[in-house]
>>> print(open('final17.cif').read())   # mmCIF, C-alpha atoms
data_protein
#
loop_
_atom_site.label_atom_id
_atom_site.label_comp_id
_atom_site.auth_asym_id
_atom_site.auth_seq_id
_atom_site.Cartn_x
_atom_site.Cartn_y
_atom_site.Cartn_z
CA MET U 1 109.32 131.59 98.22
CA ASN U 2 106.15 129.51 98.56
CA THR U 3 102.83 131.26 98.12
CA ILE U 4 100.16 130.47 100.69
CA SER U 5 97.03 129.19 98.99
CA PRO U 6 93.56 130.47 99.96
CA PHE U 7 92.78 127.06 101.44
CA GLU U 8 95.87 127.17 103.65
CA THR U 9 94.98 130.73 104.70
CA PHE U 10 91.55 129.50 105.74
CA LEU U 11 93.00 126.58 107.73
CA ASN U 12 95.57 128.79 109.44
CA GLN U 13 92.74 130.83 110.93
CA HIS U 14 91.81 127.83 113.07
CA ASP U 15 93.60 127.37 116.37
CA GLU U 16 93.50 124.53 118.90
CA GLU U 17 90.18 125.71 120.35
CA ALA U 18 88.55 125.90 116.91
CA TRP U 19 89.76 122.44 116.00
CA SER U 20 88.55 121.01 119.32
CA ALA U 21 85.08 122.38 118.64
CA THR U 22 85.22 120.96 115.11
CA LEU U 23 86.13 117.50 116.38
CA VAL U 24 83.26 117.56 118.86
CA THR U 25 80.92 118.29 115.96
CA LEU U 26 82.44 115.56 113.78
CA LEU U 27 82.70 112.74 116.32
CA ARG U 28 79.03 111.82 116.11
CA ARG U 29 79.43 111.47 112.34
CA ILE U 30 82.52 109.23 112.55
CA HIS U 31 82.05 105.45 112.43
CA GLU U 32 82.72 103.66 115.72
CA VAL U 33 85.76 101.92 114.22
CA ASP U 34 87.54 105.27 113.86
CA ARG U 35 86.08 107.34 116.68
CA ASN U 36 88.91 106.61 119.11
CA ALA U 37 91.54 106.48 116.37
CA THR U 38 90.69 109.98 115.12
CA GLN U 39 90.96 111.48 118.61
CA ILE U 40 94.25 109.65 119.15
CA TRP U 41 95.68 110.95 115.87
CA PHE U 42 94.90 114.54 116.85
CA ALA U 43 96.59 113.91 120.21
CA PHE U 44 99.62 112.49 118.40
CA TYR U 45 99.99 115.62 116.25
CA PRO U 46 98.96 118.59 118.42
CA LEU U 47 98.59 121.89 116.61
CA PRO U 48 100.06 123.97 119.50
CA LEU U 49 103.33 122.02 119.34
CA PHE U 50 103.55 122.49 115.59
CA ARG U 51 102.96 126.23 115.94
CA ALA U 52 105.49 126.56 118.75
CA LEU U 53 108.17 124.96 116.55
CA GLN U 54 107.07 126.93 113.51
CA GLN U 55 107.27 130.28 115.31
CA SER U 56 110.55 129.59 117.09
CA ASP U 57 113.67 131.47 115.99
CA ALA U 58 115.76 128.48 117.06
CA ARG U 59 113.69 125.50 116.00
CA GLU U 60 116.34 122.79 116.50
CA LYS U 61 117.31 124.20 119.87
CA LEU U 62 113.67 124.20 120.99
CA ALA U 63 113.18 120.63 119.76
CA ALA U 64 116.18 119.56 121.84
CA GLN U 65 114.89 121.51 124.86
CA LEU U 66 111.54 119.69 124.59
CA LEU U 67 113.35 116.34 124.33
CA LEU U 68 111.63 115.51 121.05
CA GLN U 69 112.68 112.16 119.61
CA GLY U 70 111.54 110.34 116.48
CA THR U 71 109.40 111.56 113.58
CA TYR U 72 107.12 114.33 114.83
CA GLU U 73 106.65 116.45 111.69
CA LEU U 74 103.71 115.66 109.43
CA LYS U 75 105.49 116.87 106.32
CA ASP U 76 107.67 113.76 106.61
CA GLN U 77 104.73 111.34 106.85
CA VAL U 78 101.83 112.74 104.84
CA ASP U 79 100.74 109.30 103.62
CA SER U 80 101.68 107.21 106.65
CA SER U 81 100.89 109.01 109.94
CA HIS U 82 97.30 107.77 109.88
CA ALA U 83 97.80 104.12 108.89
CA PHE U 84 96.12 103.01 112.13
CA LEU U 85 92.82 104.62 111.11
CA TYR U 86 90.37 102.37 109.28
CA GLY U 87 89.77 105.31 106.93
CA HIS U 88 93.41 105.07 105.80
CA ARG U 89 92.13 102.50 103.29
CA PHE U 90 90.44 105.37 101.45
CA TRP U 91 93.36 107.81 101.63
CA PRO U 92 93.84 107.97 97.83
CA GLU U 93 90.22 109.08 97.32
CA VAL U 94 90.33 111.49 100.28
CA LYS U 95 93.62 113.09 99.24
CA LYS U 96 92.41 113.55 95.67
CA THR U 97 89.14 115.12 96.84
CA VAL U 98 90.93 117.45 99.27
CA GLU U 99 93.16 118.62 96.42
CA GLN U 100 90.11 119.32 94.25
CA HIS U 101 88.47 121.17 97.13
CA ALA U 102 91.58 123.27 97.72
CA ASP U 103 92.03 124.10 94.04
CA SER U 104 88.47 125.44 93.81
CA PHE U 105 88.55 127.13 97.21
CA ASP U 106 87.50 130.78 97.34
CA GLN U 107 88.33 133.10 100.18
CA PRO U 108 86.56 134.19 102.28
CA SER U 109 84.46 131.11 102.93
CA ARG U 110 81.37 131.25 105.08
CA ILE U 111 81.21 127.47 105.33
CA SER U 112 82.50 126.18 108.66
CA LEU U 113 85.52 123.91 108.93
CA ALA U 114 83.34 121.01 110.09
CA ASP U 115 80.92 121.42 107.18
CA GLN U 116 83.79 121.54 104.69
CA ILE U 117 85.25 118.34 106.10
CA LEU U 118 81.86 116.64 105.89
CA ALA U 119 81.35 117.82 102.31
CA VAL U 120 84.75 116.50 101.21
CA ALA U 121 84.20 113.24 103.09
CA GLY U 122 80.84 112.79 101.38
CA HIS U 123 82.32 113.34 97.94
CA ALA U 124 85.23 110.98 98.61
CA ALA U 125 82.80 108.36 99.98
CA ARG U 126 80.85 108.43 96.75
CA GLU U 127 84.09 107.97 94.82
CA ALA U 128 85.09 105.03 97.02
CA LYS U 129 81.51 103.70 97.14
CA LYS U 130 81.68 103.47 100.92
CA ASP U 131 79.65 104.79 103.83
CA GLU U 132 80.49 108.42 104.55
CA SER U 133 81.02 107.74 108.27
CA LEU U 134 84.11 105.69 107.40
CA LEU U 135 85.77 108.67 105.72
CA VAL U 136 84.95 111.58 108.05
CA GLY U 137 87.83 110.91 110.45
CA ILE U 138 90.48 110.48 107.76
CA THR U 139 89.22 113.62 105.99
CA ALA U 140 89.64 115.65 109.19
CA VAL U 141 93.16 114.21 109.39
CA ALA U 142 93.81 115.32 105.81
CA PHE U 143 92.76 118.90 106.57
CA MET U 144 95.05 119.07 109.61
CA THR U 145 97.87 117.50 107.61
CA VAL U 146 97.57 120.32 105.06
CA GLN U 147 97.64 122.88 107.88
CA GLN U 148 100.81 121.44 109.43
CA ALA U 149 102.68 119.96 106.46
CA GLY U 150 101.83 122.72 104.02
CA TRP U 151 100.10 122.49 100.68
CA ASP U 152 103.23 121.73 98.64
CA ALA U 153 104.24 118.75 100.81
CA PHE U 154 100.67 117.47 100.91
CA LYS U 155 100.25 117.63 97.15
CA ALA U 156 103.69 116.12 96.47
CA ALA U 157 102.94 112.98 98.52
CA PRO U 158 102.05 109.96 96.33
CA GLY U 159 98.72 109.42 98.07
CA LYS U 160 99.22 105.70 98.64
CA THR U 161 98.05 103.46 101.46
CA CYS U 162 100.55 101.74 103.76
CA ILE U 163 98.76 98.50 104.60
CA ASP U 164 98.76 95.17 102.78
CA ARG U 165 95.85 93.80 100.78
CA LYS U 166 94.86 91.26 103.41
CA HIS U 167 94.33 93.85 106.12
CA ALA U 168 92.83 96.36 103.70
CA LYS U 169 90.00 93.88 103.07
CA LYS U 170 88.98 93.71 106.73
CA SER U 171 85.55 95.13 107.46
CA PRO U 172 84.92 97.64 110.26
CA GLU U 173 82.84 94.99 112.01
CA GLN U 174 85.74 92.50 111.93
CA ILE U 175 88.08 95.02 113.52
CA LEU U 176 85.56 95.95 116.21
CA ARG U 177 85.05 92.25 116.99
CA ASP U 178 88.82 91.73 117.24
CA ARG U 179 89.13 94.62 119.67
CA ALA U 180 86.32 93.24 121.82
CA LYS U 181 87.70 89.70 122.07
CA GLN U 182 88.32 88.29 125.51
CA ASP U 183 91.41 86.12 126.01
CA SER U 184 90.70 82.47 126.67
CA GLN U 185 92.44 81.32 129.83
CA GLY U 186 92.37 77.69 128.70
CA LEU U 187 90.20 74.81 129.77
CA LEU U 188 88.29 75.78 132.92
CA GLY U 189 89.78 79.25 132.48
CA PHE U 190 86.59 80.73 133.87
CA LEU U 191 87.67 79.36 137.25
CA ARG U 192 91.08 81.00 137.11
CA THR U 193 91.48 84.00 139.39
CA VAL U 194 95.28 84.42 139.24
CA ASN U 195 98.07 84.12 136.65
CA LYS U 196 95.83 85.29 133.84
CA LYS U 197 97.41 86.23 130.52
CA PHE U 198 96.22 88.91 128.12
CA THR U 199 97.01 89.71 124.48
CA ILE U 200 98.30 93.20 123.68
CA THR U 201 98.12 94.22 120.02
CA HIS U 202 100.39 97.11 119.05
CA ASP U 203 99.72 97.23 115.30
CA GLU U 204 96.36 96.09 113.95
CA ASN U 205 97.78 95.90 110.42
CA ASP U 206 100.35 93.25 111.40
CA ASP U 207 99.15 89.84 112.62
CA LYS U 208 102.47 89.26 114.43
CA ALA U 209 102.42 92.56 116.30
CA LYS U 210 101.15 91.04 119.53
CA TYR U 211 102.65 90.03 122.85
CA ILE U 212 101.35 88.31 125.95
CA LEU U 213 101.02 90.23 129.18
CA ASN U 214 100.86 88.54 132.56
CA GLU U 215 98.29 89.70 135.04
CA GLY U 216 99.65 92.53 137.17
CA GLN U 217 102.16 93.70 134.55
CA ASP U 218 102.00 97.12 132.94
CA LEU U 219 102.02 97.42 129.15
CA ALA U 220 105.72 98.34 128.96
CA TRP U 221 106.81 95.50 131.24
CA GLY U 222 105.12 92.93 129.05
CA ALA U 223 106.49 94.53 125.86
CA ALA U 224 110.05 94.33 127.19
CA GLU U 225 109.80 90.55 127.18
CA ASP U 226 108.93 90.46 123.46
CA ARG U 227 112.05 89.32 121.59
CA ALA U 228 110.24 88.52 118.33
CA ARG U 229 112.16 91.16 116.36
CA ASP U 230 115.16 93.45 116.52
CA TRP U 231 113.07 96.36 117.75
CA ARG U 232 115.98 98.80 118.04
CA ALA U 233 116.78 98.32 114.34
CA ILE U 234 113.18 99.20 113.52
CA ASP U 235 113.14 102.27 115.78
CA PRO U 236 116.13 103.44 117.90
CA ARG U 237 113.68 104.43 120.66
CA ARG U 238 112.62 100.79 121.08
CA MET U 239 115.50 99.68 123.28
CA GLU U 240 113.77 96.67 124.83
CA GLY U 241 110.60 95.78 122.95
CA PRO U 242 107.93 97.19 120.63
CA ILE U 243 107.02 100.00 123.04
CA PRO U 244 109.75 102.65 123.55
CA VAL U 245 110.61 102.99 127.23
CA GLU U 246 113.41 104.51 129.26
CA CYS U 247 112.63 105.31 132.88
CA ARG U 248 109.69 103.06 133.90
CA SER U 249 108.60 105.69 136.44
CA ALA U 250 106.50 108.07 134.30
CA SER U 251 109.37 110.57 134.28
CA CYS U 252 110.41 110.55 130.61
CA GLY U 253 107.17 110.28 128.62
CA THR U 254 108.82 107.94 126.11
CA CYS U 255 106.25 105.17 126.44
CA TRP U 256 103.03 107.01 125.61
CA VAL U 257 100.49 105.05 123.55
CA GLY U 258 97.01 105.52 122.12
CA VAL U 259 94.34 102.99 123.11
CA LEU U 260 92.31 101.94 120.08
CA GLY U 261 90.36 99.22 121.88
CA GLY U 262 90.12 97.97 125.43
CA ALA U 263 90.54 101.27 127.29
CA ASP U 264 88.03 99.92 129.80
CA LYS U 265 90.32 96.92 130.41
CA LEU U 266 93.14 99.11 131.71
CA ALA U 267 93.40 100.14 135.33
CA ASP U 268 92.37 103.71 136.09
CA VAL U 269 94.98 106.43 135.67
CA GLY U 270 96.91 106.80 138.90
CA ALA U 271 97.78 110.16 140.45
CA ARG U 272 101.35 110.16 139.13
CA GLU U 273 100.44 109.05 135.60
CA GLY U 274 97.66 111.64 135.42
CA LYS U 275 99.96 114.42 136.58
CA LYS U 276 102.90 113.53 134.35
CA ILE U 277 100.90 112.90 131.19
CA LYS U 278 99.56 116.45 131.45
CA GLU U 279 103.05 117.83 132.07
CA PHE U 280 104.32 116.08 128.94
CA GLY U 281 101.48 117.68 126.96
CA TYR U 282 99.98 114.42 125.69
CA ILE U 283 96.47 114.81 127.11
CA ASP U 284 94.64 117.03 129.57
CA THR U 285 91.66 115.18 130.98
CA ALA U 286 90.22 113.99 134.25
CA GLU U 287 88.85 110.79 132.70
CA PRO U 288 89.86 107.68 134.66
CA LYS U 289 90.43 105.67 131.46
CA PRO U 290 91.59 108.08 128.72
CA LEU U 291 92.67 107.15 125.19
CA ILE U 292 96.27 108.24 125.81
CA ARG U 293 98.26 106.33 128.44
CA LEU U 294 101.80 105.88 129.70
CA ALA U 295 102.61 102.23 129.03
CA CYS U 296 104.90 101.96 132.05
CA GLN U 297 101.97 102.78 134.34
CA ALA U 298 98.92 101.24 132.64
CA GLN U 299 98.12 97.75 133.91
CA ALA U 300 95.91 95.59 131.70
CA GLN U 301 92.98 93.56 132.95
CA GLY U 302 92.10 92.12 129.55
CA ALA U 303 93.06 92.20 125.86
CA VAL U 304 93.99 95.68 124.62
CA SER U 305 94.82 97.20 121.22
CA VAL U 306 97.22 100.15 121.22
CA VAL U 307 99.03 102.28 118.68
CA ILE U 308 102.56 103.55 119.28
CA PRO U 309 103.32 107.12 118.19
CA PRO U 310 106.49 107.55 116.10
CA TRP U 311 107.86 110.20 118.47
CA ASN U 312 107.85 111.42 122.07
CA GLY U 313 108.81 114.52 124.00
CA GLN U 314 108.03 116.81 126.92
CA PHE U 315 106.33 119.96 125.70
CA GLY U 316 103.38 120.51 128.03
CA LYS U 317 105.10 122.98 130.35
CA HIS U 318 106.45 124.95 127.39
CA LEU U 319 103.00 125.29 125.84
CA SER U 320 101.53 126.32 129.19
CA ALA U 321 104.17 129.03 129.49
CA LEU U 322 103.33 130.29 125.99
CA ARG U 323 99.63 130.46 126.88
CA GLU U 324 100.38 132.38 130.08
CA GLU U 325 102.57 134.79 128.13
CA ALA U 326 99.80 135.32 125.56
CA ARG U 327 97.26 136.00 128.33
CA ALA U 328 99.60 138.50 129.97
CA GLN U 329 99.90 140.42 126.70
CA MET U 330 96.14 140.64 126.19
CA PRO U 331 94.65 144.10 126.80
CA VAL U 332 92.74 144.20 130.09
CA SER U 333 89.21 145.62 129.95
CA PRO U 334 88.03 147.79 132.90
CA ASP U 335 85.52 145.10 133.93
CA ARG U 336 88.20 142.41 133.84
CA ASP U 337 90.56 144.65 135.81
CA GLU U 338 87.95 145.22 138.53
CA ALA U 339 87.23 141.48 138.69
CA ALA U 340 90.94 140.78 139.11
CA LYS U 341 91.16 143.30 141.98
CA LEU U 342 88.17 141.74 143.73
CA GLU U 343 89.75 138.30 143.33
CA VAL U 344 92.96 139.52 144.96
CA ILE U 345 91.00 141.13 147.84
CA GLN U 346 89.02 137.96 148.43
#
>>> encode(input="final17.cif", output="C-alpha cells")
Amino acid sequence: MNTISPFETFLNQHDEEAWSATLVTLLRRIHEVDRNATQIWFAFYPLPLFRALQQSDAREKLAAQLLLQGTYELKDQVDSSHAFLYGHRFWPEVKKTVEQHADSFDQPSRISLADQILAVAGHAAREAKKDESLLVGITAVAFMTVQQAGWDAFKAAPGKTCIDRKHAKKSPEQILRDRAKQDSQGLLGFLRTVNKKFTITHDENDDKAKYILNEGQDLAWGAAEDRARDWRAIDPRRMEGPIPVECRSASCGTCWVGVLGGADKLADVGAREGKKIKEFGYIDTAEPKPLIRLACQAQAQGAVSVVIPPWNGQFGKHLSALREEARAQMPVSPDRDEAAKLEVIQ
C-alpha cells in the first residue's frame, strides 16, 4: 500500500476553487508565450473530473458513462502532457526541483500554493539559467501532475522532454511572432475580399502539422481535407484528419481544441457552441472568444494555432450533479434557511 507523502497531503487539500485562485495569482508572473498554454493545460486536465473518477466505486463504468475516449489520466503521460507549453523545454530542471521540494517538505506548511510554485520555479530557472517567467507555468503543471498522477508515478517518470532539438532552440519571441503571422493572399492579396485561405497549425513542435483552411470553413471542416498522414493510425479518434470529429453539430464534444494563438481570429462563440461546451465540461465562460473551442463550430478569419487534447468526453452534467448533491448535504444555517424561505416567497 502506497504511503501518501506530506507534499501530496498538502496538494490534496486544494480543490478546484483553490487552484483557480492560484492560477489567477500566477498568470501575471507567466511569460506571454505560455499564458494561454497554461490555462489550456488546466482545462485539458480538470481536477474535478480526476476526483470524480478517483472516488467512484465503478471507475470504468463511470468512464464509459461519460464517453471518455483517449488518454485522459496524467499518470500515463507525466512527461508528455505539457509538450505544447514553451516551458516544457525546462521539464528536466522543473521535475528535479519539484522532487527536491517534495523531499524536504514539512507539514503543515504556512506557505501558499502559489508562493511554493513561484519558489520552485525560481530555483529551477536558476538551474536552467533562464528567466523565471518561462518556468512558472510548467511548474504549476508539475504540481497538478503530482496531485493527479501521484508521487510514485511522478517520480518514476524519466523527466525527459518530448520535442526535437530544432524546436527546442526556438525563442519565446520566435513563437509569438509565428502565432501573430498573417497569411499572405498572394500578389495583390490586399484587394482580395473572398476565397481567402488561412493556415491552421495544430502542433507547434512539428513544421508539417499545418493545413489550409478556406474562408467560411470551420476548423474541423478544413482538417478533414488534410490527407498528409494516416491520422487514424496515429490516433483512432482521428477518423478524417488531424482533429478528431464525429458529429459536426456540437453534439459529441470530440473536436474540442485549445487555442494557443489567434483566438481573436476565430468567430465569436455561437449560442449552440457556448451551451454545449459547458455541458461537456470543457469550459464555463461567457467570453466571446475563449481559449477552448469546438472545432466543428469555430470559423477562422485568419491564421490560428491550436493544440488537440489527447482525449474527449462529456462530463459537465455529471460534475454539476455532484456539486448539487454536495450542496444539498451541507448543513443549513438559520440565516441561510430564512433567506431560502424568503426567496421561495418572492
>>> closest_atom_pairs(input="final17.cif", of="region 98-212 of chain U", to="region 31-49 of chain U", cutoff="6 Å", atoms="only C-alpha atoms", output="CSV")
residue,atom,partner,partner_atom,distance
U:Ser133,CA,U:His31,CA,4.9
U:Leu134,CA,U:His31,CA,5.4
U:Gly137,CA,U:Thr38,CA,5.6
U:Pro172,CA,U:Val33,CA,5.9
>>> closest_residue(input="final17.cif", among="U:Gln116, U:Gln65, U:Asn12, U:Ser104", to="Thr145 (chain U)", atoms="all atoms listed in the file")
U:Asn12
>>> atom_distance(input="final17.cif", atom1="CA of Arg272 (chain U)", atom2="CA of Gln297 (chain U)")
8.8 Å
>>> closest_residue(input="final17.cif", among="U:Ala83, U:Ala209, U:Ile277, U:Ala149", to="Arg51 (chain U)", atoms="only C-alpha atoms")
U:Ala149
>>> closest_atom_pairs(input="final17.cif", of="region 129-209 of chain U", to="region 302-305 of chain U", cutoff="12 Å", atoms="all atoms listed in the file", output="JSON lines")
{"residue": "U:Ile175", "atom": "CA", "partner": "U:Ser305", "partner_atom": "CA", "distance": 10.5}
{"residue": "U:Leu176", "atom": "CA", "partner": "U:Ser305", "partner_atom": "CA", "distance": 10.6}
{"residue": "U:Arg177", "atom": "CA", "partner": "U:Ser305", "partner_atom": "CA", "distance": 11.7}
{"residue": "U:Asp178", "atom": "CA", "partner": "U:Ser305", "partner_atom": "CA", "distance": 9.0}
{"residue": "U:Arg179", "atom": "CA", "partner": "U:Ser305", "partner_atom": "CA", "distance": 6.4}
{"residue": "U:Ala180", "atom": "CA", "partner": "U:Ala303", "partner_atom": "CA", "distance": 7.9}
{"residue": "U:Lys181", "atom": "CA", "partner": "U:Ala303", "partner_atom": "CA", "distance": 7.0}
{"residue": "U:Gln182", "atom": "CA", "partner": "U:Ala303", "partner_atom": "CA", "distance": 6.2}
{"residue": "U:Asp183", "atom": "CA", "partner": "U:Ala303", "partner_atom": "CA", "distance": 6.3}
{"residue": "U:Ser184", "atom": "CA", "partner": "U:Ala303", "partner_atom": "CA", "distance": 10.0}
{"residue": "U:Gln185", "atom": "CA", "partner": "U:Gly302", "partner_atom": "CA", "distance": 10.8}
{"residue": "U:Lys196", "atom": "CA", "partner": "U:Gly302", "partner_atom": "CA", "distance": 8.9}
{"residue": "U:Lys197", "atom": "CA", "partner": "U:Gly302", "partner_atom": "CA", "distance": 8.0}
{"residue": "U:Phe198", "atom": "CA", "partner": "U:Ala303", "partner_atom": "CA", "distance": 5.1}
{"residue": "U:Thr199", "atom": "CA", "partner": "U:Ala303", "partner_atom": "CA", "distance": 4.9}
{"residue": "U:Ile200", "atom": "CA", "partner": "U:Val304", "partner_atom": "CA", "distance": 5.1}
{"residue": "U:Thr201", "atom": "CA", "partner": "U:Ser305", "partner_atom": "CA", "distance": 4.6}
{"residue": "U:His202", "atom": "CA", "partner": "U:Ser305", "partner_atom": "CA", "distance": 6.0}
{"residue": "U:Asp203", "atom": "CA", "partner": "U:Ser305", "partner_atom": "CA", "distance": 7.7}
{"residue": "U:Glu204", "atom": "CA", "partner": "U:Ser305", "partner_atom": "CA", "distance": 7.5}
{"residue": "U:Asn205", "atom": "CA", "partner": "U:Ser305", "partner_atom": "CA", "distance": 11.3}
{"residue": "U:Asp206", "atom": "CA", "partner": "U:Ser305", "partner_atom": "CA", "distance": 11.9}
{"residue": "U:Ala209", "atom": "CA", "partner": "U:Ser305", "partner_atom": "CA", "distance": 10.2}
>>> atom_distance(input="final17.cif", atom1="CA of Arg29 (chain U)", atom2="CA of Lys75 (chain U)")
27.3 Å
>>> resolve_selection(input="final17.cif", expression="the PyMOL selection byres ((chain U and resi 286) around 12)", output="JSON, numbers by chain")
{"U": [268, 269, 270, 271, 273, 274, 275, 277, 278, 283, 284, 285, 287, 288, 289, 290, 291, 292]}
>>> closest_residue(input="final17.cif", among="U:Gln299, U:Ser251, U:Thr22, U:Ser171", to="Lys130 (chain U)", atoms="only C-alpha atoms")
U:Ser171
>>> residues_around(input="final17.cif", residues="Gly70 (chain U)", least_positions_apart="6", cutoff="8 Å", atoms="all atoms listed in the file", output="ChimeraX atom specification")
/U:237,310-312
>>> closest_residue(input="final17.cif", among="U:Ile4, U:Arg89, U:Ala21, U:Gly313", to="Lys170 (chain U)", atoms="all atoms listed in the file")
U:Arg89
>>> resolve_selection(input="final17.cif", expression="the PyMOL selection byres ((chain U and resi 151) around 10)", output="CSV table (one decimal) with C-alpha atoms, in the frame of the given file")
chain,number,residue,atom,x,y,z
U,2,ASN,CA,106.2,129.5,98.6
U,3,THR,CA,102.8,131.3,98.1
U,4,ILE,CA,100.2,130.5,100.7
U,5,SER,CA,97.0,129.2,99.0
U,7,PHE,CA,92.8,127.1,101.4
U,8,GLU,CA,95.9,127.2,103.6
U,75,LYS,CA,105.5,116.9,106.3
U,99,GLU,CA,93.2,118.6,96.4
U,102,ALA,CA,91.6,123.3,97.7
U,145,THR,CA,97.9,117.5,107.6
U,146,VAL,CA,97.6,120.3,105.1
U,147,GLN,CA,97.6,122.9,107.9
U,148,GLN,CA,100.8,121.4,109.4
U,149,ALA,CA,102.7,120.0,106.5
U,150,GLY,CA,101.8,122.7,104.0
U,152,ASP,CA,103.2,121.7,98.6
U,153,ALA,CA,104.2,118.8,100.8
U,154,PHE,CA,100.7,117.5,100.9
U,155,LYS,CA,100.2,117.6,97.2
U,156,ALA,CA,103.7,116.1,96.5
>>> closest_residue(input="final17.cif", among="U:Cys162, U:Ile243, U:Val141, U:Val257", to="Ala114 (chain U)", atoms="only C-alpha atoms")
U:Val141
>>> closest_residue(input="final17.cif", among="U:Phe315, U:Trp231, U:Trp221, U:Trp91", to="Cys252 (chain U)", atoms="only C-alpha atoms")
U:Phe315
>>> residues_around(input="final17.cif", residues="Val120 (chain U)", least_positions_apart="4", cutoff="7 Å", atoms="all atoms listed in the file", output="count of residues only")
4
>>> resolve_selection(input="final17.cif", expression="the PyMOL selection byres ((chain U and resi 88) around 10)", output="list in words")
Asp34, Asp79, Ser80, Ser81, His82, Ala83, Phe84, Leu85, Tyr86, Gly87, Arg89, Phe90, Trp91, Pro92, Glu93, Val94, Leu134, Leu135, Gly137, Ile138, Thr139, Val141, Lys160, Thr161, Cys162, Ile163 and Ala168 of chain U
>>> atom_distance(input="final17.cif", atom1="CA of Met330 (chain U)", atom2="CA of Arg110 (chain U)")
27.4 Å
>>> decode(input="final17.cif", residues="region 129-142 of chain U", atoms="N, CA, C and O atoms", output="mmCIF file, in the first residue's frame")
data_model
loop_
_atom_site.group_PDB
_atom_site.id
_atom_site.type_symbol
_atom_site.label_atom_id
_atom_site.label_comp_id
_atom_site.auth_asym_id
_atom_site.auth_seq_id
_atom_site.Cartn_x
_atom_site.Cartn_y
_atom_site.Cartn_z
ATOM 1 N N LYS U 129 19.234 28.543 -16.033
ATOM 2 C CA LYS U 129 19.774 29.841 -16.467
ATOM 3 C C LYS U 129 18.825 30.521 -17.457
ATOM 4 O O LYS U 129 19.222 31.007 -18.515
ATOM 5 N N LYS U 130 17.548 30.523 -17.074
ATOM 6 C CA LYS U 130 16.510 31.138 -17.890
ATOM 7 C C LYS U 130 15.671 32.078 -17.032
ATOM 8 O O LYS U 130 15.715 32.031 -15.807
ATOM 9 N N ASP U 131 14.900 32.931 -17.695
ATOM 10 C CA ASP U 131 14.023 33.845 -16.979
ATOM 11 C C ASP U 131 12.938 33.062 -16.249
ATOM 12 O O ASP U 131 12.328 32.140 -16.808
ATOM 13 N N GLU U 132 12.695 33.432 -15.008
ATOM 14 C CA GLU U 132 11.731 32.705 -14.178
ATOM 15 C C GLU U 132 10.346 32.636 -14.801
ATOM 16 O O GLU U 132 9.634 31.634 -14.669
ATOM 17 N N SER U 133 9.937 33.698 -15.518
ATOM 18 C CA SER U 133 8.588 33.737 -16.091
ATOM 19 C C SER U 133 8.345 32.601 -17.078
ATOM 20 O O SER U 133 7.203 32.210 -17.315
ATOM 21 N N LEU U 134 9.420 32.063 -17.658
ATOM 22 C CA LEU U 134 9.284 30.960 -18.607
ATOM 23 C C LEU U 134 9.024 29.630 -17.920
ATOM 24 O O LEU U 134 8.625 28.661 -18.574
ATOM 25 N N LEU U 135 9.242 29.560 -16.611
ATOM 26 C CA LEU U 135 9.111 28.293 -15.894
ATOM 27 C C LEU U 135 7.942 28.250 -14.917
ATOM 28 O O LEU U 135 7.658 27.195 -14.349
ATOM 29 N N VAL U 136 7.269 29.378 -14.714
ATOM 30 C CA VAL U 136 6.168 29.395 -13.742
ATOM 31 C C VAL U 136 5.020 28.503 -14.185
ATOM 32 O O VAL U 136 4.483 27.705 -13.401
ATOM 33 N N GLY U 137 4.620 28.602 -15.456
ATOM 34 C CA GLY U 137 3.507 27.792 -15.947
ATOM 35 C C GLY U 137 3.791 26.309 -15.864
ATOM 36 O O GLY U 137 2.960 25.531 -15.379
ATOM 37 N N ILE U 138 4.954 25.874 -16.317
ATOM 38 C CA ILE U 138 5.287 24.449 -16.311
ATOM 39 C C ILE U 138 5.455 23.928 -14.883
ATOM 40 O O ILE U 138 5.179 22.758 -14.606
ATOM 41 N N THR U 139 5.850 24.799 -13.950
ATOM 42 C CA THR U 139 5.954 24.379 -12.549
ATOM 43 C C THR U 139 4.573 24.161 -11.951
ATOM 44 O O THR U 139 4.345 23.199 -11.204
ATOM 45 N N ALA U 140 3.626 25.037 -12.280
ATOM 46 C CA ALA U 140 2.243 24.836 -11.832
ATOM 47 C C ALA U 140 1.703 23.514 -12.375
ATOM 48 O O ALA U 140 1.032 22.754 -11.671
ATOM 49 N N VAL U 141 2.027 23.221 -13.626
ATOM 50 C CA VAL U 141 1.629 21.960 -14.252
ATOM 51 C C VAL U 141 2.232 20.781 -13.495
ATOM 52 O O VAL U 141 1.558 19.770 -13.264
ATOM 53 N N ALA U 142 3.477 20.911 -13.087
ATOM 54 C CA ALA U 142 4.145 19.829 -12.349
ATOM 55 C C ALA U 142 3.441 19.555 -11.024
ATOM 56 O O ALA U 142 3.234 18.397 -10.638
#
